[in-house]
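What follows is data_0.pdb (PDB, C-alpha atoms and all ligand atoms).
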```pdb
ATOM      1  CA  MET Z   1       2.180   5.560  10.284  1.00  0.00           C
ATOM      2  CA  ILE Z   2      -1.499   5.870   9.413  1.00  0.00           C
ATOM      3  CA  GLU Z   3      -2.958   3.393   6.920  1.00  0.00           C
ATOM      4  CA  LEU Z   4      -5.775   5.154   5.085  1.00  0.00           C
ATOM      5  CA  TYR Z   5      -8.398   2.943   3.461  1.00  0.00           C
ATOM      6  CA  TYR Z   6      -9.529   5.301   0.781  1.00  0.00           C
ATOM      7  CA  TRP Z   7     -11.205   5.970  -2.536  1.00  0.00           C
ATOM      8  CA  PRO Z   8     -11.333   9.481  -4.022  1.00  0.00           C
ATOM      9  CA  THR Z   9     -14.914  10.484  -3.161  1.00  0.00           C
ATOM     10  CA  PRO Z  10     -16.121  13.389  -0.983  1.00  0.00           C
ATOM     11  CA  ASN Z  11     -15.908  11.301   2.205  1.00  0.00           C
ATOM     12  CA  GLY Z  12     -12.457  10.069   1.228  1.00  0.00           C
ATOM     13  CA  HIS Z  13     -11.223  13.602   0.503  1.00  0.00           C
ATOM     14  CA  LYS Z  14     -12.078  14.687   4.056  1.00  0.00           C
ATOM     15  CA  ILE Z  15      -9.273  12.514   5.416  1.00  0.00           C
ATOM     16  CA  THR Z  16      -6.637  13.329   2.800  1.00  0.00           C
ATOM     17  CA  LEU Z  17      -7.390  17.020   3.469  1.00  0.00           C
ATOM     18  CA  PHE Z  18      -6.468  16.427   7.113  1.00  0.00           C
ATOM     19  CA  LEU Z  19      -3.437  14.253   6.421  1.00  0.00           C
ATOM     20  CA  GLU Z  20      -1.969  16.596   3.817  1.00  0.00           C
ATOM     21  CA  GLU Z  21      -2.611  19.630   6.021  1.00  0.00           C
ATOM     22  CA  SER Z  22      -1.071  18.085   9.128  1.00  0.00           C
ATOM     23  CA  GLY Z  23       1.882  16.341   7.485  1.00  0.00           C
ATOM     24  CA  LEU Z  24       1.173  13.170   9.483  1.00  0.00           C
ATOM     25  CA  PRO Z  25       2.844  10.262   7.620  1.00  0.00           C
ATOM     26  CA  TYR Z  26       0.332   7.997   5.900  1.00  0.00           C
ATOM     27  CA  THR Z  27       0.000   5.357   3.294  1.00  0.00           C
ATOM     28  CA  ILE Z  28      -3.011   4.834   1.049  1.00  0.00           C
ATOM     29  CA  LYS Z  29      -4.720   1.457   0.836  1.00  0.00           C
ATOM     30  CA  PRO Z  30      -7.141   1.811  -2.085  1.00  0.00           C
ATOM     31  CA  VAL Z  31     -10.680   0.499  -1.506  1.00  0.00           C
ATOM     32  CA  ASP Z  32     -12.174   0.344  -5.002  1.00  0.00           C
ATOM     33  CA  ILE Z  33     -15.845   0.659  -4.098  1.00  0.00           C
ATOM     34  CA  GLY Z  34     -16.835   0.138  -7.748  1.00  0.00           C
ATOM     35  CA  LYS Z  35     -15.170  -3.279  -7.676  1.00  0.00           C
ATOM     36  CA  GLY Z  36     -16.663  -4.276  -4.302  1.00  0.00           C
ATOM     37  CA  ASP Z  37     -13.516  -4.008  -2.138  1.00  0.00           C
ATOM     38  CA  GLN Z  38     -15.691  -2.604   0.681  1.00  0.00           C
ATOM     39  CA  PHE Z  39     -17.296  -6.044   1.069  1.00  0.00           C
ATOM     40  CA  ARG Z  40     -14.028  -7.941   1.525  1.00  0.00           C
ATOM     41  CA  PRO Z  41     -13.996  -9.742   4.900  1.00  0.00           C
ATOM     42  CA  GLU Z  42     -10.596  -8.273   5.844  1.00  0.00           C
ATOM     43  CA  PHE Z  43     -11.988  -4.736   5.358  1.00  0.00           C
ATOM     44  CA  LEU Z  44     -15.309  -5.486   7.079  1.00  0.00           C
ATOM     45  CA  ALA Z  45     -13.341  -6.766  10.088  1.00  0.00           C
ATOM     46  CA  PHE Z  46     -12.569  -3.160  11.076  1.00  0.00           C
ATOM     47  CA  SER Z  47     -15.047  -1.202   8.910  1.00  0.00           C
ATOM     48  CA  PRO Z  48     -18.295  -3.151   9.399  1.00  0.00           C
ATOM     49  CA  ASN Z  49     -20.539  -0.623   7.604  1.00  0.00           C
ATOM     50  CA  ASN Z  50     -18.889  -1.570   4.261  1.00  0.00           C
ATOM     51  CA  LYS Z  51     -17.907   2.008   3.486  1.00  0.00           C
ATOM     52  CA  MET Z  52     -14.652   3.842   3.281  1.00  0.00           C
ATOM     53  CA  PRO Z  53     -12.871   5.870   4.654  1.00  0.00           C
ATOM     54  CA  ALA Z  54     -11.336   3.955   7.535  1.00  0.00           C
ATOM     55  CA  ILE Z  55      -7.917   4.106   9.141  1.00  0.00           C
ATOM     56  CA  ILE Z  56      -5.525   1.931  11.071  1.00  0.00           C
ATOM     57  CA  ASP Z  57      -3.116   3.838  13.294  1.00  0.00           C
ATOM     58  CA  ARG Z  58      -0.134   1.561  13.874  1.00  0.00           C
ATOM     59  CA  GLU Z  59       1.517   4.065  16.250  1.00  0.00           C
ATOM     60  CA  PRO Z  60      -1.244   5.330  18.548  1.00  0.00           C
ATOM     61  CA  ASN Z  61      -0.372   7.927  21.185  1.00  0.00           C
ATOM     62  CA  ASP Z  62      -0.852   5.414  24.025  1.00  0.00           C
ATOM     63  CA  LEU Z  63       1.788   3.136  22.409  1.00  0.00           C
ATOM     64  CA  GLY Z  64      -0.665   0.229  22.589  1.00  0.00           C
ATOM     65  CA  GLU Z  65      -2.113  -2.060  19.932  1.00  0.00           C
ATOM     66  CA  PRO Z  66      -3.064  -0.502  16.568  1.00  0.00           C
ATOM     67  CA  VAL Z  67      -6.247   1.592  16.647  1.00  0.00           C
ATOM     68  CA  THR Z  68      -8.847   1.198  13.875  1.00  0.00           C
ATOM     69  CA  VAL Z  69     -11.446   3.881  13.137  1.00  0.00           C
ATOM     70  CA  PHE Z  70     -14.302   3.966  10.601  1.00  0.00           C
ATOM     71  CA  GLU Z  71     -16.748   6.845   9.867  1.00  0.00           C
ATOM     72  CA  SER Z  72     -15.198  10.041   8.525  1.00  0.00           C
ATOM     73  CA  GLY Z  73     -16.288  12.231  11.458  1.00  0.00           C
ATOM     74  CA  ALA Z  74     -14.814   9.834  14.014  1.00  0.00           C
ATOM     75  CA  ILE Z  75     -11.600   9.608  11.975  1.00  0.00           C
ATOM     76  CA  LEU Z  76     -11.247  13.394  11.790  1.00  0.00           C
ATOM     77  CA  ARG Z  77     -11.809  13.745  15.543  1.00  0.00           C
ATOM     78  CA  TYR Z  78      -9.309  10.943  16.243  1.00  0.00           C
ATOM     79  CA  LEU Z  79      -6.647  12.549  14.054  1.00  0.00           C
ATOM     80  CA  ALA Z  80      -7.277  16.000  15.553  1.00  0.00           C
ATOM     81  CA  ASP Z  81      -6.870  14.571  19.058  1.00  0.00           C
ATOM     82  CA  LYS Z  82      -3.792  12.594  18.025  1.00  0.00           C
ATOM     83  CA  THR Z  83      -2.017  15.645  16.615  1.00  0.00           C
ATOM     84  CA  GLY Z  84      -3.542  18.341  18.835  1.00  0.00           C
ATOM     85  CA  ARG Z  85      -4.386  20.274  15.654  1.00  0.00           C
ATOM     86  CA  PHE Z  86      -7.513  21.414  13.791  1.00  0.00           C
ATOM     87  CA  GLY Z  87      -9.888  20.215  16.530  1.00  0.00           C
ATOM     88  CA  GLY Z  88     -10.680  23.482  18.322  1.00  0.00           C
ATOM     89  CA  GLU Z  89      -8.962  24.967  21.362  1.00  0.00           C
ATOM     90  CA  GLY Z  90     -10.296  24.308  24.879  1.00  0.00           C
ATOM     91  CA  LEU Z  91     -13.803  23.280  25.898  1.00  0.00           C
ATOM     92  CA  ARG Z  92     -15.575  26.042  23.960  1.00  0.00           C
ATOM     93  CA  GLY Z  93     -13.443  25.839  20.842  1.00  0.00           C
ATOM     94  CA  ARG Z  94     -13.877  22.096  20.715  1.00  0.00           C
ATOM     95  CA  VAL Z  95     -17.657  22.203  21.044  1.00  0.00           C
ATOM     96  CA  GLU Z  96     -17.877  24.751  18.204  1.00  0.00           C
ATOM     97  CA  VAL Z  97     -16.013  22.313  15.982  1.00  0.00           C
ATOM     98  CA  ASP Z  98     -17.899  19.199  17.079  1.00  0.00           C
ATOM     99  CA  GLN Z  99     -21.402  20.597  16.611  1.00  0.00           C
ATOM    100  CA  TRP Z 100     -20.580  21.596  13.023  1.00  0.00           C
ATOM    101  CA  LEU Z 101     -18.821  18.314  12.399  1.00  0.00           C
ATOM    102  CA  ALA Z 102     -22.010  16.545  13.522  1.00  0.00           C
ATOM    103  CA  TRP Z 103     -24.081  18.889  11.300  1.00  0.00           C
ATOM    104  CA  GLN Z 104     -21.924  17.828   8.373  1.00  0.00           C
ATOM    105  CA  ILE Z 105     -21.888  14.078   8.914  1.00  0.00           C
ATOM    106  CA  ALA Z 106     -25.583  13.818   9.813  1.00  0.00           C
ATOM    107  CA  GLY Z 107     -26.967  16.495   7.478  1.00  0.00           C
ATOM    108  CA  GLN Z 108     -24.972  18.211   4.764  1.00  0.00           C
ATOM    109  CA  GLY Z 109     -23.140  15.049   3.653  1.00  0.00           C
ATOM    110  CA  PRO Z 110     -26.064  12.596   3.493  1.00  0.00           C
ATOM    111  CA  MET Z 111     -28.557  15.112   2.062  1.00  0.00           C
ATOM    112  CA  THR Z 112     -26.129  16.174  -0.668  1.00  0.00           C
ATOM    113  CA  GLY Z 113     -25.437  12.480  -1.325  1.00  0.00           C
ATOM    114  CA  GLN Z 114     -29.173  11.790  -1.803  1.00  0.00           C
ATOM    115  CA  TYR Z 115     -29.411  14.852  -4.055  1.00  0.00           C
ATOM    116  CA  GLY Z 116     -26.600  13.360  -6.161  1.00  0.00           C
ATOM    117  CA  HIS Z 117     -28.152   9.917  -6.170  1.00  0.00           C
ATOM    118  CA  PHE Z 118     -31.542  11.051  -7.441  1.00  0.00           C
ATOM    119  CA  THR Z 119     -30.239  13.660  -9.907  1.00  0.00           C
ATOM    120  CA  VAL Z 120     -27.278  11.741 -11.353  1.00  0.00           C
ATOM    121  CA  TYR Z 121     -27.461   8.020 -10.623  1.00  0.00           C
ATOM    122  CA  ALA Z 122     -31.098   6.906 -10.181  1.00  0.00           C
ATOM    123  CA  PRO Z 123     -32.305   4.738 -13.095  1.00  0.00           C
ATOM    124  CA  GLU Z 124     -35.599   6.661 -13.231  1.00  0.00           C
ATOM    125  CA  ARG Z 125     -36.397  10.329 -12.692  1.00  0.00           C
ATOM    126  CA  ILE Z 126     -38.425  10.809  -9.499  1.00  0.00           C
ATOM    127  CA  GLU Z 127     -39.441  14.466  -9.331  1.00  0.00           C
ATOM    128  CA  TYR Z 128     -40.512  14.331  -5.691  1.00  0.00           C
ATOM    129  CA  ALA Z 129     -37.118  13.022  -4.543  1.00  0.00           C
ATOM    130  CA  ILE Z 130     -35.157  15.449  -6.734  1.00  0.00           C
ATOM    131  CA  ASP Z 131     -37.205  18.370  -5.458  1.00  0.00           C
ATOM    132  CA  ARG Z 132     -37.017  17.246  -1.824  1.00  0.00           C
ATOM    133  CA  TYR Z 133     -33.209  16.856  -1.775  1.00  0.00           C
ATOM    134  CA  THR Z 134     -32.525  19.934  -3.918  1.00  0.00           C
ATOM    135  CA  ARG Z 135     -34.458  22.076  -1.454  1.00  0.00           C
ATOM    136  CA  GLU Z 136     -32.804  20.421   1.529  1.00  0.00           C
ATOM    137  CA  VAL Z 137     -29.297  21.003   0.120  1.00  0.00           C
ATOM    138  CA  GLN Z 138     -30.201  24.621  -0.631  1.00  0.00           C
ATOM    139  CA  ARG Z 139     -31.453  25.020   2.941  1.00  0.00           C
ATOM    140  CA  LEU Z 140     -28.191  23.577   4.311  1.00  0.00           C
ATOM    141  CA  LEU Z 141     -26.131  25.885   2.069  1.00  0.00           C
ATOM    142  CA  GLY Z 142     -28.127  28.776   3.525  1.00  0.00           C
ATOM    143  CA  VAL Z 143     -27.366  27.602   7.069  1.00  0.00           C
ATOM    144  CA  LEU Z 144     -23.655  27.412   6.243  1.00  0.00           C
ATOM    145  CA  ASP Z 145     -23.697  30.795   4.516  1.00  0.00           C
ATOM    146  CA  ARG Z 146     -25.193  32.473   7.591  1.00  0.00           C
ATOM    147  CA  ARG Z 147     -22.708  30.713   9.864  1.00  0.00           C
ATOM    148  CA  LEU Z 148     -19.776  31.995   7.792  1.00  0.00           C
ATOM    149  CA  GLN Z 149     -20.876  35.633   8.004  1.00  0.00           C
ATOM    150  CA  GLY Z 150     -18.141  37.398   9.984  1.00  0.00           C
ATOM    151  CA  ARG Z 151     -16.046  34.215  10.283  1.00  0.00           C
ATOM    152  CA  ALA Z 152     -13.115  33.070   8.156  1.00  0.00           C
ATOM    153  CA  PHE Z 153     -13.946  29.425   8.822  1.00  0.00           C
ATOM    154  CA  ILE Z 154     -16.850  27.438  10.237  1.00  0.00           C
ATOM    155  CA  ALA Z 155     -15.610  27.439  13.844  1.00  0.00           C
ATOM    156  CA  GLY Z 156     -14.086  30.928  13.747  1.00  0.00           C
ATOM    157  CA  ASP Z 157     -10.629  32.201  12.810  1.00  0.00           C
ATOM    158  CA  ASP Z 158      -9.003  28.786  12.432  1.00  0.00           C
ATOM    159  CA  TYR Z 159      -9.292  26.114   9.751  1.00  0.00           C
ATOM    160  CA  THR Z 160     -10.596  22.960  11.483  1.00  0.00           C
ATOM    161  CA  ILE Z 161     -11.950  19.463  10.886  1.00  0.00           C
ATOM    162  CA  ALA Z 162     -15.442  20.988  10.519  1.00  0.00           C
ATOM    163  CA  ASP Z 163     -14.242  22.776   7.369  1.00  0.00           C
ATOM    164  CA  MET Z 164     -12.434  19.660   6.120  1.00  0.00           C
ATOM    165  CA  ALA Z 165     -15.671  17.661   6.470  1.00  0.00           C
ATOM    166  CA  ALA Z 166     -17.935  20.187   4.745  1.00  0.00           C
ATOM    167  CA  TYR Z 167     -15.656  21.367   1.925  1.00  0.00           C
ATOM    168  CA  PRO Z 168     -15.767  18.196  -0.264  1.00  0.00           C
ATOM    169  CA  TRP Z 169     -19.571  18.170  -0.157  1.00  0.00           C
ATOM    170  CA  ILE Z 170     -20.018  21.611  -1.719  1.00  0.00           C
ATOM    171  CA  ASN Z 171     -21.280  20.919  -5.212  1.00  0.00           C
ATOM    172  CA  PRO Z 172     -19.510  17.562  -5.699  1.00  0.00           C
ATOM    173  CA  TYR Z 173     -21.606  16.512  -8.730  1.00  0.00           C
ATOM    174  CA  THR Z 174     -20.268  18.077 -11.932  1.00  0.00           C
ATOM    175  CA  LYS Z 175     -23.249  16.613 -13.813  1.00  0.00           C
ATOM    176  CA  ALA Z 176     -25.724  18.338 -11.475  1.00  0.00           C
ATOM    177  CA  PRO Z 177     -24.148  21.567 -10.245  1.00  0.00           C
ATOM    178  CA  LEU Z 178     -26.177  23.762  -7.922  1.00  0.00           C
ATOM    179  CA  ASP Z 179     -26.173  27.537  -8.311  1.00  0.00           C
ATOM    180  CA  LEU Z 180     -23.992  28.942  -5.498  1.00  0.00           C
ATOM    181  CA  GLU Z 181     -24.802  32.545  -6.419  1.00  0.00           C
ATOM    182  CA  PRO Z 182     -27.156  32.996  -3.412  1.00  0.00           C
ATOM    183  CA  TYR Z 183     -24.376  31.908  -1.005  1.00  0.00           C
ATOM    184  CA  PRO Z 184     -21.516  34.470  -1.218  1.00  0.00           C
ATOM    185  CA  GLU Z 185     -19.977  33.454   2.122  1.00  0.00           C
ATOM    186  CA  VAL Z 186     -19.871  29.809   1.049  1.00  0.00           C
ATOM    187  CA  ARG Z 187     -18.196  30.843  -2.215  1.00  0.00           C
ATOM    188  CA  ARG Z 188     -15.574  32.961  -0.398  1.00  0.00           C
ATOM    189  CA  TRP Z 189     -14.843  30.209   2.158  1.00  0.00           C
ATOM    190  CA  HIS Z 190     -14.754  27.478  -0.505  1.00  0.00           C
ATOM    191  CA  ALA Z 191     -12.303  29.446  -2.672  1.00  0.00           C
ATOM    192  CA  SER Z 192      -9.992  30.044   0.303  1.00  0.00           C
ATOM    193  CA  ILE Z 193      -9.839  26.309   1.084  1.00  0.00           C
ATOM    194  CA  ALA Z 194      -9.435  25.371  -2.599  1.00  0.00           C
ATOM    195  CA  ALA Z 195      -6.346  27.623  -2.753  1.00  0.00           C
ATOM    196  CA  ARG Z 196      -4.557  25.855   0.112  1.00  0.00           C
ATOM    197  CA  PRO Z 197      -1.559  23.800  -1.121  1.00  0.00           C
ATOM    198  CA  ALA Z 198      -2.655  20.869   1.089  1.00  0.00           C
ATOM    199  CA  THR Z 199      -6.089  20.871  -0.576  1.00  0.00           C
ATOM    200  CA  GLN Z 200      -4.483  20.756  -3.976  1.00  0.00           C
ATOM    201  CA  ARG Z 201      -2.243  17.866  -2.937  1.00  0.00           C
ATOM    202  CA  ALA Z 202      -5.231  15.987  -1.492  1.00  0.00           C
ATOM    203  CA  TYR Z 203      -7.305  16.358  -4.660  1.00  0.00           C
ATOM    204  CA  ALA Z 204      -4.344  15.486  -6.896  1.00  0.00           C
ATOM    205  CA  LEU Z 205      -4.609  11.972  -5.413  1.00  0.00           C
ATOM    206  CA  THR Z 206      -7.931  11.518  -7.234  1.00  0.00           C
ATOM    207  CA  ARG Z 207      -6.499  10.618 -10.642  1.00  0.00           C
ATOM    208  CA  GLN Z 208      -3.517   8.877  -9.099  1.00  0.00           C
ATOM    209  CA  VAL Z 209      -5.730   6.424  -7.188  1.00  0.00           C
ATOM    210  CA  ASN Z 210      -8.663   6.225  -9.642  1.00  0.00           C
ATOM    211  CA  PRO Z 211      -7.751   7.111 -13.237  1.00  0.00           C
ATOM    212  CA  ASN Z 212     -11.438   6.562 -14.178  1.00  0.00           C
ATOM    213  CA  ALA Z 213     -12.746   9.207 -11.743  1.00  0.00           C
ATOM    214  CA  GLY Z 214     -15.518  11.289 -13.292  1.00  0.00           C
ATOM    215  CA  LYS Z 215     -16.459   8.731 -15.954  1.00  0.00           C
ATOM    216  CA  PRO Z 216     -20.028   7.332 -16.039  1.00  0.00           C
ATOM    217  CA  LEU Z 217     -20.502   4.302 -13.793  1.00  0.00           C
ATOM    218  CA  THR Z 218     -20.288   0.896 -15.441  1.00  0.00           C
ATOM    219  CA  GLU Z 219     -22.927  -1.775 -14.787  1.00  0.00           C
ATOM    220  CA  GLU Z 220     -20.487  -3.562 -12.472  1.00  0.00           C
ATOM    221  CA  GLU Z 221     -19.905  -0.373 -10.465  1.00  0.00           C
ATOM    222  CA  ARG Z 222     -23.653   0.274 -10.191  1.00  0.00           C
ATOM    223  CA  LYS Z 223     -24.146  -3.276  -8.924  1.00  0.00           C
ATOM    224  CA  HIS Z 224     -21.551  -2.923  -6.180  1.00  0.00           C
ATOM    225  CA  LEU Z 225     -22.634   0.579  -5.147  1.00  0.00           C
ATOM    226  CA  PHE Z 226     -26.415   0.369  -5.347  1.00  0.00           C
ATOM    227  CA  GLY Z 227     -27.288  -3.289  -5.816  1.00  0.00           C
ATOM    228  CA  ARG Z 228     -26.902  -4.873  -2.384  1.00  0.00           C
TER     229      ARG Z 228
HETATM  230  N1  LIG B 301     -21.031   7.898   7.056  1.00  0.00           N
HETATM  231  C1  LIG B 301     -19.877   7.455   6.306  1.00  0.00           C
HETATM  232  C2  LIG B 301     -20.220   7.444   4.842  1.00  0.00           C
HETATM  233  C3  LIG B 301     -19.079   6.917   4.000  1.00  0.00           C
HETATM  234  C4  LIG B 301     -19.547   6.627   2.585  1.00  0.00           C
HETATM  235  O1  LIG B 301     -20.720   6.860   2.239  1.00  0.00           O
HETATM  236  N2  LIG B 301     -18.642   6.095   1.794  1.00  0.00           N
HETATM  237  C5  LIG B 301     -19.017   5.699   0.455  1.00  0.00           C
HETATM  238  C6  LIG B 301     -18.237   6.471  -0.592  1.00  0.00           C
HETATM  239  S1  LIG B 301     -18.372   8.233  -0.386  1.00  0.00           S
HETATM  240  C7  LIG B 301     -18.755   4.229   0.275  1.00  0.00           C
HETATM  241  O2  LIG B 301     -17.761   3.713   0.761  1.00  0.00           O
HETATM  242  N3  LIG B 301     -19.665   3.528  -0.396  1.00  0.00           N
HETATM  243  C8  LIG B 301     -19.557   2.137  -0.657  1.00  0.00           C
HETATM  244  C9  LIG B 301     -20.881   1.435  -0.507  1.00  0.00           C
HETATM  245  O3  LIG B 301     -21.882   2.075  -0.130  1.00  0.00           O
HETATM  246  O4  LIG B 301     -20.933   0.236  -0.765  1.00  0.00           O
HETATM  247  C10 LIG B 301     -18.691   8.363   6.585  1.00  0.00           C
HETATM  248  O5  LIG B 301     -18.914   9.565   6.816  1.00  0.00           O
HETATM  249  O6  LIG B 301     -17.542   7.868   6.592  1.00  0.00           O
END
```
Any chance you could give the structure as structure tokens?
Ligand SMILES: N[C@@H](CCC(=O)N[C@@H](CS)C(=O)NCC(=O)O)C(=O)O
Amino acid sequence: MIELYYWPTPNGHKITLFLEESGLPYTIKPVDIGKGDQFRPEFLAFSPNNKMPAIIDREPNDLGEPVTVFESGAILRYLADKTGRFGGEGLRGRVEVDQWLAWQIAGQGPMTGQYGHFTVYAPERIEYAIDRYTREVQRLLGVLDRRLQGRAFIAGDDYTIADMAAYPWINPYTKAPLDLEPYPEVRRWHASIAARPATQRAYALTRQVNPNAGKPLTEEERKHLFGR
């Protein structure tokens, strides 16, 4: 059984996308990042960067002690290796997946996150930052759009952990949506993943785990998320 330390945000969705798609048994341990659960010593003991997602695998393939993993990219790779699914086939298939997984966790995710921070959450409007991250996200959408030309999914014909990582970070801010009109391949790919039953199950967890999802942040939530 996998214990998933989770809150319904784009990085959290990456892991529920995998778990719902693979059918691997799991249980959710909510980490309410608006209440400061990410700073609890028992969570920091295995997720020292004070961010979710993280997992504990109580039944690792080597039958040894439980395995803990933090960082969404590392978790996706671990789960792909554990199940032998969604991680790319053979040396060449695997490297296709891993380079785009790295592109997502080092580029598309953080840049889109900064775009969201400065357009939605920052207490003051800083034009330079908004402009910088808007253009960077648009550039990354262009990179993804070109990659998807002639391919069903990021790594080729198969749906993989590279897609699961990138999907939740396409336009995650309803208060600051970006125009996806210039990226037809991204729109086609995004719609095909949105239609998957596993995707719908993963996103249905949002309201179940956080009934306040989508509401403006309270002062307490801002303090825990941006104040330390
Ligand atoms: N690089 C990390 C980023 C995870 C992350 O940013 N998690 C956010 C929510 S999406 C979080 O837990 N924030 C709590 C905090 O910053 O205190 C990953 O890919 O797992």
Checklist entry - Exactly which residues make up the result of the PyMOL selection byres (((chain Z and resi 21-35) around 9) and not hetatm) on this file, given as a count of residues only? => result 39
Checklist entry - Applied to the shown file, which residues does the PyMOL selection byres (((chain Z and resi 120) around 8) and not hetatm) return, written as a VMD selection string? => result chain Z and resid 116 to 119 121 to 122 173 175 to 176
Residues from the last selection, C-alpha atoms, saved as a tab-separated table (two decimals), keeping the file's coordinate frame:
```tsv
chain	number	residue	atom	x	y	z
Z	116	GLY	CA	-26.60	13.36	-6.16
Z	117	HIS	CA	-28.15	9.92	-6.17
Z	118	PHE	CA	-31.54	11.05	-7.44
Z	119	THR	CA	-30.24	13.66	-9.91
Z	121	TYR	CA	-27.46	8.02	-10.62
Z	122	ALA	CA	-31.10	6.91	-10.18
Z	173	TYR	CA	-21.61	16.51	-8.73
Z	175	LYS	CA	-23.25	16.61	-13.81
Z	176	ALA	CA	-25.72	18.34	-11.48
```
Item to check | Interatomic distance, CA of Gly64 in chain Z to CA of Phe46 in chain Z (Å, one decimal) | outcome: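 We find that CA of Gly64 in chain Z and CA of Phe46 in chain Z lie 16.9 Å from each other.
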Checklist entry - Neighbours of range 67-74 of chain Z within 6 Å (all atoms listed in the file; same-chain residues fewer than 2 positions away dropped), as a list of chain:residue names? => result Z:Ser47, Z:Ala54, Z:Ile55, Z:Ile56, Z:Asp57, Z:Leu76, Z:Arg77
Checklist entry - Just so the selection is clear, what residues does the PyMOL selection byres (((chain Z and resi 169) around 8) and not hetatm) cover here, as a ChimeraX atom specification? => result /Z:10,108-109,112,165-168,170-172
Next on the checklist: Between Z:Glu65, Z:Phe226, Z:Arg139, Z:Tyr159, which residue has the minimum interatomic distance to ligand LIG 301 (chain B), considering all atoms listed in the file?
Outcome noted: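 Result for the nearest residue to ligand LIG 301 (chain B): Z:Phe226.
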Please give the centre and size of the box around range 35-47 of chain Z (axis-aligned, containing every atom listed in the file, 4 Å added per side), with values in Å to one decimal and written as AutoDock Vina command-line options.
```
--center_x -13.9 --center_y -5.5 --center_z 1.7 --size_x 14.7 --size_y 16.5 --size_z 26.8
```
Next on the checklist: My list of candidates is Z:Arg40, Z:His190, Z:Arg125, Z:Arg58. Which is closest to ligand LIG 301 (chain B) when distances are computed with all atoms listed in the file?
Outcome noted: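 Once distances to ligand LIG 301 (chain B) are computed over all atoms listed in the file, the minimum belongs to Z:Arg40.
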